[in-house]
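Undergrad: Input input.txt, format and content: compact mmCIF, C-alpha atoms.
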# COMPACT_ATOMS: atom_id res chain seq x y z
CA MET A 1446 -101.41 -143.91 -206.19
CA VAL A 1447 -100.58 -146.92 -204.06
CA ALA A 1448 -102.45 -150.07 -205.04
CA GLY A 1449 -105.35 -150.81 -202.74
CA VAL A 1450 -105.61 -147.29 -201.42
CA ARG A 1451 -109.00 -145.74 -201.93
CA ARG A 1452 -109.05 -142.57 -203.97
CA VAL A 1453 -110.78 -139.47 -202.75
CA THR A 1454 -114.28 -139.74 -204.16
CA GLY A 1455 -116.58 -136.86 -204.88
CA GLY A 1456 -116.09 -133.30 -203.78
CA ALA A 1457 -112.98 -131.32 -204.54
CA PRO A 1458 -109.98 -133.29 -205.77
CA ARG A 1459 -106.56 -132.97 -204.22
CA GLY A 1460 -104.90 -129.83 -205.47
CA GLU A 1461 -108.02 -127.76 -204.86
CA PRO A 1462 -107.28 -125.05 -202.24
CA VAL A 1463 -108.01 -126.42 -198.79
CA GLU A 1464 -110.15 -123.41 -198.00
CA ARG A 1465 -112.61 -124.41 -200.72
CA ARG A 1466 -113.10 -127.94 -199.46
CA THR A 1467 -115.77 -129.13 -197.10
CA ASP A 1468 -114.77 -130.58 -193.73
CA ASP A 1469 -115.74 -134.05 -194.97
CA GLU A 1470 -113.46 -133.70 -197.97
CA ARG A 1471 -110.60 -132.55 -195.78
CA LEU A 1472 -111.14 -135.44 -193.36
CA GLU A 1473 -111.29 -137.86 -196.27
CA GLU A 1474 -107.98 -136.55 -197.55
CA ILE A 1475 -106.42 -136.92 -194.11
CA ALA A 1476 -107.74 -140.49 -193.90
CA LEU A 1477 -106.33 -141.23 -197.36
CA THR A 1478 -102.94 -139.83 -196.35
CA ILE A 1479 -102.88 -142.13 -193.32
CA GLN A 1480 -103.75 -145.07 -195.59
CA GLN A 1481 -100.85 -144.17 -197.85
CA PHE A 1482 -98.50 -144.13 -194.89
CA ALA A 1483 -99.77 -147.62 -194.04
CA ALA A 1484 -98.80 -148.62 -197.59
CA LEU A 1485 -95.29 -147.20 -196.93
CA ASP A 1486 -95.89 -144.17 -199.14
CA PHE A 1487 -94.48 -141.68 -196.67
CA ALA A 1488 -94.30 -138.88 -199.22
CA ALA A 1489 -98.09 -138.45 -199.05
CA ARG A 1490 -99.24 -135.17 -197.48
CA ALA A 1491 -102.61 -133.80 -196.43
CA GLY A 1492 -103.44 -130.23 -197.36
CA VAL A 1493 -103.04 -127.67 -194.58
CA GLY A 1494 -105.09 -124.50 -194.88
CA THR A 1495 -104.44 -121.02 -193.59
CA ALA A 1496 -107.24 -120.99 -191.04
CA GLY A 1497 -105.12 -122.86 -188.50
CA ASP A 1498 -108.25 -124.64 -187.28
CA LEU A 1499 -108.53 -128.11 -185.81
CA LEU A 1500 -108.60 -129.85 -189.17
CA ASP A 1501 -105.48 -127.95 -190.22
CA ALA A 1502 -103.88 -129.07 -186.97
CA VAL A 1503 -104.82 -132.70 -187.63
CA ALA A 1504 -103.64 -132.50 -191.23
CA ALA A 1505 -100.34 -130.92 -190.21
CA GLY A 1506 -99.92 -133.48 -187.41
CA VAL A 1507 -100.45 -136.31 -189.88
CA ASN A 1508 -97.94 -134.70 -192.23
CA PHE A 1509 -95.43 -134.37 -189.41
CA LEU A 1510 -95.86 -138.06 -188.66
CA GLY A 1511 -95.29 -138.82 -192.33
CA GLU A 1512 -92.07 -136.83 -192.29
CA GLU A 1513 -90.85 -138.64 -189.19
CA LEU A 1514 -91.81 -142.02 -190.64
CA GLU A 1515 -90.10 -141.18 -193.91
CA ALA A 1516 -86.92 -140.10 -192.10
CA ALA A 1517 -86.93 -143.19 -189.88
CA TYR A 1518 -87.57 -145.45 -192.87
CA GLN A 1519 -84.72 -143.88 -194.83
CA GLU A 1520 -82.42 -144.21 -191.86
CA ILE A 1521 -83.28 -147.88 -191.52
CA GLU A 1522 -82.75 -148.43 -195.24
CA HIS A 1523 -79.42 -146.62 -195.01
CA LYS A 1524 -78.33 -148.73 -192.05
CA VAL A 1525 -79.43 -151.92 -193.76
CA ALA A 1526 -77.44 -150.95 -196.84
CA GLU A 1527 -74.47 -150.11 -194.64
CA ARG A 1528 -74.65 -153.40 -192.75
CA THR A 1529 -75.13 -155.32 -195.99
CA ALA A 1530 -71.99 -153.70 -197.41
CA GLU A 1531 -70.10 -154.52 -194.21
CA LEU A 1532 -71.25 -158.13 -194.30
CA ASP A 1533 -70.35 -158.34 -197.96
CA ALA A 1534 -66.85 -157.05 -197.23
CA ILE A 1535 -66.47 -159.46 -194.30
CA SER A 1536 -67.75 -162.31 -196.43
CA LYS A 1537 -65.21 -161.48 -199.15
CA GLU A 1538 -62.46 -161.18 -196.56
CA LEU A 1539 -63.38 -164.55 -195.06
CA ALA A 1540 -63.54 -166.15 -198.50
CA HIS A 1541 -60.10 -164.73 -199.23
CA ARG A 1542 -58.71 -165.99 -195.94
CA VAL A 1543 -60.10 -169.46 -196.52
CA LEU A 1544 -58.23 -169.69 -199.81
CA HIS A 1545 -55.08 -167.71 -199.09
CA ASP A 1546 -52.07 -167.91 -196.86
CA GLU A 1547 -52.24 -165.21 -194.21
CA LEU A 1548 -48.50 -164.60 -194.01
CA THR A 1549 -47.68 -164.21 -197.69
CA GLY A 1550 -51.07 -163.51 -199.25
CA LEU A 1551 -50.46 -166.29 -201.76
CA PRO A 1552 -53.18 -168.85 -202.54
CA ASN A 1553 -53.13 -171.74 -200.12
CA ARG A 1554 -53.15 -175.47 -200.74
CA THR A 1555 -56.94 -175.63 -201.21
CA LEU A 1556 -56.99 -172.97 -203.91
CA PHE A 1557 -53.90 -174.38 -205.63
CA TRP A 1558 -55.44 -177.84 -205.69
CA ASP A 1559 -58.55 -176.40 -207.25
CA ARG A 1560 -56.59 -174.57 -209.94
CA LEU A 1561 -54.41 -177.54 -210.70
CA SER A 1562 -57.38 -179.91 -210.88
CA GLN A 1563 -59.15 -177.50 -213.20
CA ARG A 1564 -56.05 -177.28 -215.40
CA MET A 1565 -55.80 -181.04 -215.57
CA ILE A 1566 -59.42 -181.28 -216.70
CA LEU A 1567 -58.64 -178.80 -219.47
CA ALA A 1568 -55.44 -180.61 -220.46
CA GLN A 1569 -57.05 -182.65 -223.21
CA ARG A 1570 -58.59 -179.58 -224.81
CA ARG A 1571 -55.46 -177.48 -224.79
CA HIS A 1572 -52.43 -177.89 -226.96
CA SER A 1573 -50.09 -176.05 -224.63
CA ASP A 1574 -48.49 -177.80 -221.71
CA PHE A 1575 -48.26 -176.96 -218.05
CA ALA A 1576 -45.87 -177.72 -215.20
CA VAL A 1577 -45.86 -177.86 -211.43
CA LEU A 1578 -42.86 -176.77 -209.39
CA PHE A 1579 -42.29 -177.73 -205.78
CA ILE A 1580 -40.02 -175.23 -204.04
CA ASP A 1581 -38.48 -175.80 -200.65
CA LEU A 1582 -36.09 -173.33 -199.05
CA ASP A 1583 -32.78 -174.81 -197.98
CA LYS A 1584 -31.90 -174.53 -194.30
CA PHE A 1585 -34.92 -172.37 -193.51
CA LYS A 1586 -35.04 -173.89 -190.04
CA LEU A 1587 -31.61 -172.43 -189.42
CA VAL A 1588 -32.95 -168.92 -190.15
CA ASN A 1589 -35.80 -169.44 -187.71
CA ASP A 1590 -33.56 -170.92 -185.02
CA THR A 1591 -30.78 -168.37 -185.22
CA LEU A 1592 -32.52 -165.14 -186.26
CA GLY A 1593 -35.98 -165.72 -184.85
CA HIS A 1594 -39.42 -166.35 -186.29
CA ALA A 1595 -39.95 -162.71 -187.25
CA ALA A 1596 -36.92 -162.92 -189.54
CA GLY A 1597 -38.21 -166.24 -190.85
CA ASP A 1598 -41.60 -164.73 -191.59
CA ARG A 1599 -40.01 -161.79 -193.33
CA LEU A 1600 -37.96 -164.17 -195.48
CA LEU A 1601 -41.07 -166.14 -196.43
CA ARG A 1602 -42.85 -162.95 -197.47
CA ASP A 1603 -39.85 -161.92 -199.57
CA VAL A 1604 -39.72 -165.34 -201.21
CA ALA A 1605 -43.43 -165.15 -202.02
CA TRP A 1606 -42.98 -161.70 -203.49
CA ARG A 1607 -40.07 -162.86 -205.65
CA ILE A 1608 -41.95 -165.91 -206.87
CA ARG A 1609 -44.86 -163.71 -207.87
CA GLY A 1610 -42.54 -161.35 -209.67
CA ALA A 1611 -40.88 -164.12 -211.66
CA LEU A 1612 -44.13 -165.65 -212.92
CA ARG A 1613 -46.12 -164.73 -215.99
CA ALA A 1614 -49.78 -163.76 -216.17
CA GLY A 1615 -51.80 -166.96 -215.87
CA ASP A 1616 -49.26 -168.76 -213.68
CA SER A 1617 -50.14 -169.50 -210.06
CA ALA A 1618 -48.11 -169.71 -206.89
CA ALA A 1619 -49.17 -171.03 -203.50
CA ARG A 1620 -47.70 -171.52 -200.09
CA MET A 1621 -48.30 -174.98 -198.77
CA GLY A 1622 -47.10 -174.25 -195.28
CA GLY A 1623 -43.69 -173.89 -193.64
CA ASP A 1624 -41.08 -173.07 -196.27
CA GLU A 1625 -42.81 -174.96 -199.09
CA PHE A 1626 -44.24 -173.30 -202.16
CA LEU A 1627 -45.98 -174.64 -205.22
CA VAL A 1628 -46.08 -173.07 -208.66
CA LEU A 1629 -48.32 -173.89 -211.58
CA LEU A 1630 -46.83 -172.75 -214.88
CA ASP A 1631 -49.45 -172.62 -217.60
CA GLU A 1632 -49.43 -172.19 -221.37
CA LEU A 1633 -45.97 -173.68 -221.91
CA ASP A 1634 -45.46 -174.10 -225.62
CA THR A 1635 -41.93 -175.50 -225.55
CA PHE A 1636 -39.57 -177.13 -223.12
CA GLU A 1637 -37.26 -174.17 -223.60
CA ALA A 1638 -39.99 -171.80 -222.53
CA THR A 1639 -40.47 -173.85 -219.39
CA LEU A 1640 -36.78 -173.72 -218.62
CA GLY A 1641 -36.81 -170.00 -219.23
CA VAL A 1642 -39.43 -169.38 -216.54
CA ILE A 1643 -37.75 -171.80 -214.15
CA ASN A 1644 -34.35 -170.14 -214.64
CA ARG A 1645 -35.91 -166.75 -214.00
CA LEU A 1646 -37.42 -168.11 -210.82
CA ILE A 1647 -34.15 -169.66 -209.65
CA GLU A 1648 -32.34 -166.42 -210.36
CA ALA A 1649 -34.91 -164.38 -208.43
CA LEU A 1650 -34.86 -166.69 -205.45
CA GLY A 1651 -31.09 -166.93 -205.45
CA ALA A 1652 -30.45 -163.20 -205.05
CA PRO A 1653 -29.36 -162.12 -201.54
CA TYR A 1654 -32.07 -161.42 -198.97
CA GLU A 1655 -32.07 -158.73 -196.32
CA ILE A 1656 -32.47 -160.81 -193.17
CA ALA A 1657 -32.15 -159.20 -189.76
CA SER A 1658 -30.11 -156.31 -191.21
CA THR A 1659 -27.68 -158.57 -193.03
CA ARG A 1660 -27.61 -159.68 -196.63
CA SER A 1661 -27.76 -163.44 -196.89
CA THR A 1662 -28.22 -165.91 -199.67
CA VAL A 1663 -30.86 -168.56 -199.16
CA THR A 1664 -30.97 -171.27 -201.75
CA SER A 1665 -34.01 -173.30 -202.76
CA SER A 1666 -34.42 -176.87 -203.87
CA ILE A 1667 -36.86 -177.17 -206.72
CA GLY A 1668 -38.60 -180.18 -208.20
CA ALA A 1669 -40.64 -179.92 -211.38
CA VAL A 1670 -43.09 -182.07 -213.25
CA MET A 1671 -44.37 -181.33 -216.72
CA GLY A 1672 -47.27 -182.73 -218.71
CA THR A 1673 -49.86 -185.18 -217.50
CA ASP A 1674 -48.13 -188.32 -218.67
CA GLY A 1675 -49.29 -191.09 -216.40
CA MET A 1676 -50.80 -188.80 -213.85
CA GLN A 1677 -54.50 -188.75 -213.17
CA THR A 1678 -54.89 -186.50 -210.17
CA ALA A 1679 -53.58 -183.29 -208.70
CA GLU A 1680 -52.26 -185.33 -205.79
CA GLN A 1681 -50.11 -187.42 -208.08
CA PHE A 1682 -48.88 -184.32 -209.83
CA VAL A 1683 -47.84 -182.57 -206.65
CA ALA A 1684 -46.38 -185.78 -205.23
CA ALA A 1685 -44.25 -186.13 -208.37
CA ALA A 1686 -43.01 -182.55 -208.02
CA ASP A 1687 -42.31 -183.19 -204.35
CA ALA A 1688 -40.37 -186.35 -205.16
CA ALA A 1689 -38.30 -184.39 -207.68
CA MET A 1690 -37.70 -181.68 -205.11
CA TYR A 1691 -36.55 -184.30 -202.63
CA GLU A 1692 -34.10 -185.60 -205.18
CA ALA A 1693 -32.86 -182.01 -205.63
CA LYS A 1694 -32.33 -181.78 -201.86
CA GLN A 1695 -30.26 -184.95 -202.00
CA ARG A 1696 -28.06 -183.45 -204.68
CA GLY A 1697 -27.28 -180.38 -202.61
CA PRO A 1698 -28.62 -176.89 -201.82
CA GLY A 1699 -29.91 -174.90 -204.79
CA SER A 1700 -30.46 -177.94 -207.01
CA PHE A 1701 -33.22 -178.36 -209.55
CA VAL A 1702 -34.60 -181.72 -210.75
CA PHE A 1703 -37.25 -182.71 -213.29
CA TYR A 1704 -39.43 -185.62 -212.24
CA ASP A 1705 -38.60 -187.36 -215.53
CA GLU A 1706 -35.10 -187.93 -214.17
CA ILE A 1707 -36.38 -190.04 -211.30
CA ARG A 1708 -39.55 -191.45 -212.85
CA GLU A 1709 -38.07 -194.95 -213.08
CA ILE A 1710 -37.07 -195.13 -209.45
CA ARG A 1711 -40.14 -193.29 -208.19
CA PRO A 1712 -42.99 -194.31 -210.54
CA VAL A 1713 -46.25 -192.38 -210.39
CA ASP A 1714 -48.11 -195.35 -208.95
CA SER A 1715 -45.82 -195.43 -205.96
CA LEU A 1716 -46.37 -191.81 -205.06
CA VAL A 1717 -50.02 -191.78 -204.04
CA HIS A 1718 -52.32 -194.58 -203.02
CA ASP A 1719 -56.08 -194.65 -203.46
CA GLY A 1720 -57.96 -193.83 -200.32
CA PRO A 1721 -59.34 -190.95 -198.35
CA PRO A 1722 -59.23 -187.35 -199.61
CA PRO A 1723 -55.75 -186.11 -200.34
CA SER A 1724 -53.50 -184.36 -197.93
CA PHE A 1725 -49.84 -183.76 -197.86
CA ALA A 1726 -49.48 -186.26 -195.09
CA ASP A 1727 -51.11 -188.86 -197.33
CA TYR A 1728 -48.65 -188.75 -200.14
CA ARG A 1729 -45.69 -187.99 -197.92
CA SER A 1730 -46.47 -191.14 -195.99
CA ASN A 1731 -45.06 -192.98 -198.98
CA ASP A 1732 -41.76 -191.37 -198.30
CA ASN A 1733 -40.22 -192.43 -195.04
CA SER A 1734 -37.15 -190.34 -195.39
CA GLY A 1735 -38.64 -187.52 -193.34
CA HIS A 1736 -36.87 -185.03 -195.53
CA ARG A 1737 -37.42 -181.30 -194.96
CA ALA A 1738 -34.99 -178.53 -194.47
CA MET B 1432 -82.87 -107.96 -194.47
CA SER B 1433 -82.55 -105.62 -191.52
CA ASP B 1434 -83.71 -102.02 -191.29
CA ALA B 1435 -82.24 -99.09 -189.43
CA ASP B 1436 -84.51 -99.53 -186.38
CA GLY B 1437 -83.25 -103.01 -185.59
CA VAL B 1438 -86.12 -104.85 -187.21
CA GLU B 1439 -85.40 -107.89 -189.33
CA ILE B 1440 -87.89 -108.40 -192.12
CA ALA B 1441 -87.90 -111.49 -194.30
CA ALA B 1442 -90.37 -112.95 -196.76
CA LYS B 1443 -92.01 -115.09 -194.08
CA PHE B 1444 -91.38 -113.29 -190.81
CA ARG B 1445 -90.66 -110.11 -188.92
CA MET B 1446 -88.29 -110.06 -185.96
CA TRP B 1447 -87.19 -107.30 -183.64
CA LEU B 1448 -85.30 -106.82 -180.38
CA ARG B 1449 -87.54 -105.39 -177.69
CA SER B 1450 -86.26 -102.83 -175.20
CA ASP B 1451 -86.47 -105.45 -172.43
CA GLY B 1452 -83.98 -107.66 -174.26
CA ILE B 1453 -86.50 -110.16 -175.62
CA VAL B 1454 -86.43 -111.02 -179.30
CA HIS B 1455 -89.91 -111.10 -180.82
CA LEU B 1456 -90.49 -113.26 -183.89
CA VAL B 1457 -93.77 -113.22 -185.80
CA TRP B 1458 -94.30 -115.60 -188.68
CA SER B 1459 -96.45 -114.31 -191.55
CA PRO B 1460 -99.99 -115.63 -192.03
CA GLY B 1461 -99.97 -118.93 -193.90
CA ALA B 1462 -96.17 -119.05 -194.06
CA VAL B 1463 -94.83 -122.57 -194.47
CA MET B 1464 -91.53 -122.80 -192.60
CA GLU B 1465 -88.83 -124.62 -194.51
CA LEU B 1466 -85.19 -125.17 -193.65
CA ASP B 1467 -84.09 -121.97 -195.42
CA ASP B 1468 -86.59 -119.95 -193.41
CA ALA B 1469 -85.29 -121.44 -190.17
CA VAL B 1470 -81.72 -120.59 -191.14
CA THR B 1471 -82.74 -117.06 -192.13
CA ALA B 1472 -84.57 -116.55 -188.82
CA ILE B 1473 -81.63 -117.81 -186.79
CA GLU B 1474 -79.22 -115.55 -188.68
CA ALA B 1475 -81.55 -112.61 -188.17
CA MET B 1476 -81.71 -113.23 -184.42
CA SER B 1477 -77.96 -113.55 -184.27
CA ARG B 1478 -77.61 -110.17 -185.95
CA LEU B 1479 -80.09 -108.54 -183.60
CA THR B 1480 -78.36 -109.79 -180.48
CA SER B 1481 -74.80 -109.61 -181.86
CA GLY B 1482 -74.56 -113.33 -181.32
CA ARG B 1483 -75.37 -113.24 -177.61
CA PRO B 1484 -78.06 -115.67 -176.46
CA ALA B 1485 -81.36 -113.95 -175.64
CA PRO B 1486 -84.91 -115.01 -174.78
CA LEU B 1487 -87.14 -115.56 -177.82
CA LEU B 1488 -90.87 -115.07 -178.20
CA ALA B 1489 -92.03 -117.03 -181.25
CA ASP B 1490 -95.48 -116.25 -182.58
CA ALA B 1491 -96.59 -118.68 -185.25
CA HIS B 1492 -100.28 -118.67 -184.55
CA GLU B 1493 -101.13 -117.41 -188.03
CA ALA B 1494 -98.42 -119.36 -189.79
CA GLY B 1495 -98.92 -122.46 -191.89
CA SER B 1496 -97.09 -125.71 -191.43
CA GLN B 1497 -93.44 -126.39 -190.70
CA SER B 1498 -91.02 -128.88 -192.24
CA ARG B 1499 -89.08 -131.50 -190.31
CA LEU B 1500 -85.77 -129.99 -191.38
CA ALA B 1501 -86.87 -126.57 -190.15
CA ARG B 1502 -87.72 -128.01 -186.72
CA ALA B 1503 -84.41 -129.86 -186.64
CA GLU B 1504 -82.52 -126.63 -187.43
CA PHE B 1505 -84.25 -124.77 -184.60
CA VAL B 1506 -83.20 -127.55 -182.24
CA ARG B 1507 -79.65 -127.65 -183.59
CA ARG B 1508 -79.18 -123.89 -183.14
CA GLY B 1509 -80.96 -123.72 -179.83
CA ASP B 1510 -77.84 -122.09 -178.38
CA ILE B 1511 -78.89 -118.70 -179.77
CA ALA B 1512 -81.71 -118.45 -177.19
CA THR B 1513 -81.66 -118.57 -173.40
CA ALA B 1514 -85.33 -119.58 -173.40
CA VAL B 1515 -88.08 -119.88 -175.97
CA ALA B 1516 -91.76 -119.09 -175.50
CA ILE B 1517 -94.02 -120.27 -178.29
CA LEU B 1518 -97.42 -118.68 -178.64
CA VAL B 1519 -100.03 -121.27 -179.47
CA LEU B 1520 -103.18 -119.33 -180.21
CA SER B 1521 -104.70 -121.72 -182.75
CA PRO B 1522 -105.20 -125.49 -182.90
CA LEU B 1523 -102.59 -125.69 -185.66
CA SER B 1524 -99.92 -123.70 -183.77
CA ARG B 1525 -100.70 -125.66 -180.59
CA MET B 1526 -100.24 -128.95 -182.41
CA MET B 1527 -96.97 -127.74 -183.95
CA GLY B 1528 -95.74 -126.54 -180.58
CA ASN B 1529 -96.56 -129.81 -178.86
CA PHE B 1530 -95.03 -131.83 -181.66
CA TYR B 1531 -91.86 -129.73 -181.45
CA LEU B 1532 -91.59 -130.31 -177.71
CA SER B 1533 -92.44 -134.00 -177.65
CA VAL B 1534 -90.77 -135.22 -180.85
CA ASN B 1535 -87.91 -132.81 -181.49
CA LYS B 1536 -87.12 -132.34 -177.82
CA PRO B 1537 -85.31 -128.98 -177.92
CA THR B 1538 -82.44 -128.68 -175.48
CA THR B 1539 -83.13 -124.99 -174.93
CA LEU B 1540 -85.76 -124.33 -172.28
CA THR B 1541 -89.00 -124.06 -174.27
CA ARG B 1542 -92.61 -123.54 -173.16
CA LEU B 1543 -95.93 -123.06 -174.90
CA PHE B 1544 -98.17 -120.11 -173.98
CA GLU B 1545 -101.69 -119.13 -174.93
CA ASP B 1546 -101.22 -115.65 -173.48
CA GLU B 1547 -98.59 -113.28 -174.80
CA ASP B 1548 -98.26 -111.30 -171.56
CA GLN B 1549 -97.60 -114.45 -169.57
CA ALA B 1550 -95.03 -115.52 -172.12
CA ILE B 1551 -93.19 -112.20 -171.88
CA GLU B 1552 -93.31 -112.29 -168.11
CA TRP B 1553 -91.76 -115.74 -168.13
CA LEU B 1554 -89.09 -114.76 -170.68
CA ARG B 1555 -88.00 -111.76 -168.61
CA GLY B 1556 -86.53 -114.22 -166.17
CA TYR B 1557 -84.06 -115.30 -168.87
CA VAL B 1558 -82.73 -111.95 -170.01
CA ALA B 1559 -78.97 -112.12 -169.69
Would you write out, as structure tokens, the structure that this file holds?
TA:
Amino acid sequence: MVAGVRRVTGGAPRGEPVERRTDDERLEEIALTIQQFAALDFAARAGVGTAGDLLDAVAAGVNFLGEELEAAYQEIEHKVAERTAELDAISKELAHRVLHDELTGLPNRTLFWDRLSQRMILAQRRHSDFAVLFIDLDKFKLVNDTLGHAAGDRLLRDVAWRIRGALRAGDSAARMGGDEFLVLLDELDTFEATLGVINRLIEALGAPYEIASTRSTVTSSIGAVMGTDGMQTAEQFVAAADAAMYEAKQRGPGSFVFYDEIREIRPVDSLVHDGPPPSFADYRSNDNSGHRA
Amino acid sequence: MSDADGVEIAAKFRMWLRSDGIVHLVWSPGAVMELDDAVTAIEAMSRLTSGRPAPLLADAHEAGSQSRLARAEFVRRGDIATAVAILVLSPLSRMMGNFYLSVNKPTTLTRLFEDEDQAIEWLRGYVA
């Protein structure tokens, strides 16, 4: 019984054959059925007798209305559920797009920054170390200029796929834009373990690529920074990796440099200045060399 | 089930093919028409006419109520009839007939009659 709906009082209760009820009792039942519809209980039904008289007609008509209301209500509920599911899927898709690179499917700068910042917060509570790698393809512009952007895009997707394949569970990779990728290596117990992952990555990236129906080798310059020594922010961390990568570029295609090697000439403090929210342009503005492949 | 004389008899109805080509359907007193009954009736008519559309005289004046799904099935399979005449000889059957026309909106030509002779006369115009 729906709250607030008056029960049939007196006379024959519901369930009693319609033929044995008085007209008043039948009308009262019909009225009660209508009240239940008003309370969204569309399963309510008035008894229909075998006489086929006017009261039977009214009762059946009310029941028919209940059936139609019930069907319409269910249809609306179904559509609402359908639309809700669609919106949910769109919302998830949008959330994914906001945090991922459309071309490669890798996390983008925003998501990487978030993960790196989170890892830095946890640094004091974890014994294991972590590292950031800055990867820049050598002579990528040449691929774009000579083979076209479609070939360039294909190469970037292949690189992303290889980076993913070389990493361990818990590591993160991101595309920063252009031909630049960032990697966060987590849970590094020893320096040798770090080198092991980096070597695997270099080996994967160094294998020939299928570009525009030809097999070509595309090298990458990689800069790495390990541990939080002297670094307070994700910006500093990435800037240090970038500085190391730049040094690798200077040494020649396919080079790899740890930030520790250049720390004295490029101290942390010189990499990023205090100021507005971070952006690549911000920390790159410290470097006037304009390097990029 | 069908008997040798071309009469279809089910738990809730009788149906036969008249010599003038009209199919006559009579629902049993107090019968409540559910989806299964609608399907059974449509199959019975299809057997009687060998699947060819024919005019249908539906007499439900002694029948009980009718479910929404049953009405929907009659509309969906309206192609089995060239025209449908519904006898509405009681307030209940009249209400059901009007509801069927106004809410379910059958695509097959359908009219309500209070006189069986008039209904048959009208249906004769739709014998293929």
Undergrad: Around all listed atoms of segment 1511-1519 of chain B, padded 6 Å per side, what centre and edge lengths does the axis-aligned box have in Å to one decimal, as lines of an AutoDock Vina configuration file?
TA:
center_x = -89.5
center_y = -119.9
center_z = -176.6
size_x = 33.1
size_y = 14.8
size_z = 18.4
Undergrad: Would you compute the distance between atom CA of Leu1633 of chain A and atom CA of Ser1715 of chain A? Give it in Å to one decimal.
TA: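 Spanning atom CA of Leu1633 of chain A to atom CA of Ser1715 of chain A is a straight-line distance of 27.0 Å.
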Undergrad: Return as a PDB file with C-alpha atoms, keeping the file's coordinate frame the residues belonging to chain B that are within 10 Å of chain A, counting only C-alpha atoms.
TA:
ATOM      1  CA  PRO B1460     -99.990-115.630-192.030  1.00  0.00           C
ATOM      2  CA  GLY B1461     -99.970-118.930-193.900  1.00  0.00           C
ATOM      3  CA  ALA B1462     -96.170-119.050-194.060  1.00  0.00           C
ATOM      4  CA  VAL B1463     -94.830-122.570-194.470  1.00  0.00           C
ATOM      5  CA  HIS B1492    -100.280-118.670-184.550  1.00  0.00           C
ATOM      6  CA  GLU B1493    -101.130-117.410-188.030  1.00  0.00           C
ATOM      7  CA  ALA B1494     -98.420-119.360-189.790  1.00  0.00           C
ATOM      8  CA  GLY B1495     -98.920-122.460-191.890  1.00  0.00           C
ATOM      9  CA  SER B1496     -97.090-125.710-191.430  1.00  0.00           C
ATOM     10  CA  GLN B1497     -93.440-126.390-190.700  1.00  0.00           C
ATOM     11  CA  SER B1498     -91.020-128.880-192.240  1.00  0.00           C
ATOM     12  CA  ARG B1499     -89.080-131.500-190.310  1.00  0.00           C
ATOM     13  CA  LEU B1500     -85.770-129.990-191.380  1.00  0.00           C
ATOM     14  CA  LEU B1520    -103.180-119.330-180.210  1.00  0.00           C
ATOM     15  CA  SER B1521    -104.700-121.720-182.750  1.00  0.00           C
ATOM     16  CA  PRO B1522    -105.200-125.490-182.900  1.00  0.00           C
ATOM     17  CA  LEU B1523    -102.590-125.690-185.660  1.00  0.00           C
ATOM     18  CA  SER B1524     -99.920-123.700-183.770  1.00  0.00           C
ATOM     19  CA  ARG B1525    -100.700-125.660-180.590  1.00  0.00           C
ATOM     20  CA  MET B1526    -100.240-128.950-182.410  1.00  0.00           C
ATOM     21  CA  MET B1527     -96.970-127.740-183.950  1.00  0.00           C
ATOM     22  CA  ASN B1529     -96.560-129.810-178.860  1.00  0.00           C
ATOM     23  CA  PHE B1530     -95.030-131.830-181.660  1.00  0.00           C
ATOM     24  CA  TYR B1531     -91.860-129.730-181.450  1.00  0.00           C
ATOM     25  CA  VAL B1534     -90.770-135.220-180.850  1.00  0.00           C
TER      26      VAL B1534
END
Undergrad: Please determine, counting only C-alpha atoms, which residue among B:Ala1559, B:Leu1456, B:Ile1511, B:Ala1469 has the shortest atom-to-atom distance to Thr1539 of chain B.
TA: B:Ile1511
Undergrad: May I have the protein, DNA and RNA residues with any atom at most 12 Å from the point (-92.9, -115.6, -169.7), counting only C-alpha atoms, written as a PyMOL selection string?
TA: chain B and resi 1453+1486-1489+1514-1518+1540-1558
Undergrad: Atoms to include: C-alpha atoms. Write the selected residues as an mmCIF file, in the coordinates of the input.
TA:
data_model
loop_
_atom_site.group_PDB
_atom_site.id
_atom_site.type_symbol
_atom_site.label_atom_id
_atom_site.label_comp_id
_atom_site.auth_asym_id
_atom_site.auth_seq_id
_atom_site.Cartn_x
_atom_site.Cartn_y
_atom_site.Cartn_z
ATOM 1 C CA ILE B 1453 -86.500 -110.160 -175.620
ATOM 2 C CA PRO B 1486 -84.910 -115.010 -174.780
ATOM 3 C CA LEU B 1487 -87.140 -115.560 -177.820
ATOM 4 C CA LEU B 1488 -90.870 -115.070 -178.200
ATOM 5 C CA ALA B 1489 -92.030 -117.030 -181.250
ATOM 6 C CA ALA B 1514 -85.330 -119.580 -173.400
ATOM 7 C CA VAL B 1515 -88.080 -119.880 -175.970
ATOM 8 C CA ALA B 1516 -91.760 -119.090 -175.500
ATOM 9 C CA ILE B 1517 -94.020 -120.270 -178.290
ATOM 10 C CA LEU B 1518 -97.420 -118.680 -178.640
ATOM 11 C CA LEU B 1540 -85.760 -124.330 -172.280
ATOM 12 C CA THR B 1541 -89.000 -124.060 -174.270
ATOM 13 C CA ARG B 1542 -92.610 -123.540 -173.160
ATOM 14 C CA LEU B 1543 -95.930 -123.060 -174.900
ATOM 15 C CA PHE B 1544 -98.170 -120.110 -173.980
ATOM 16 C CA GLU B 1545 -101.690 -119.130 -174.930
ATOM 17 C CA ASP B 1546 -101.220 -115.650 -173.480
ATOM 18 C CA GLU B 1547 -98.590 -113.280 -174.800
ATOM 19 C CA ASP B 1548 -98.260 -111.300 -171.560
ATOM 20 C CA GLN B 1549 -97.600 -114.450 -169.570
ATOM 21 C CA ALA B 1550 -95.030 -115.520 -172.120
ATOM 22 C CA ILE B 1551 -93.190 -112.200 -171.880
ATOM 23 C CA GLU B 1552 -93.310 -112.290 -168.110
ATOM 24 C CA TRP B 1553 -91.760 -115.740 -168.130
ATOM 25 C CA LEU B 1554 -89.090 -114.760 -170.680
ATOM 26 C CA ARG B 1555 -88.000 -111.760 -168.610
ATOM 27 C CA GLY B 1556 -86.530 -114.220 -166.170
ATOM 28 C CA TYR B 1557 -84.060 -115.300 -168.870
ATOM 29 C CA VAL B 1558 -82.730 -111.950 -170.010
#
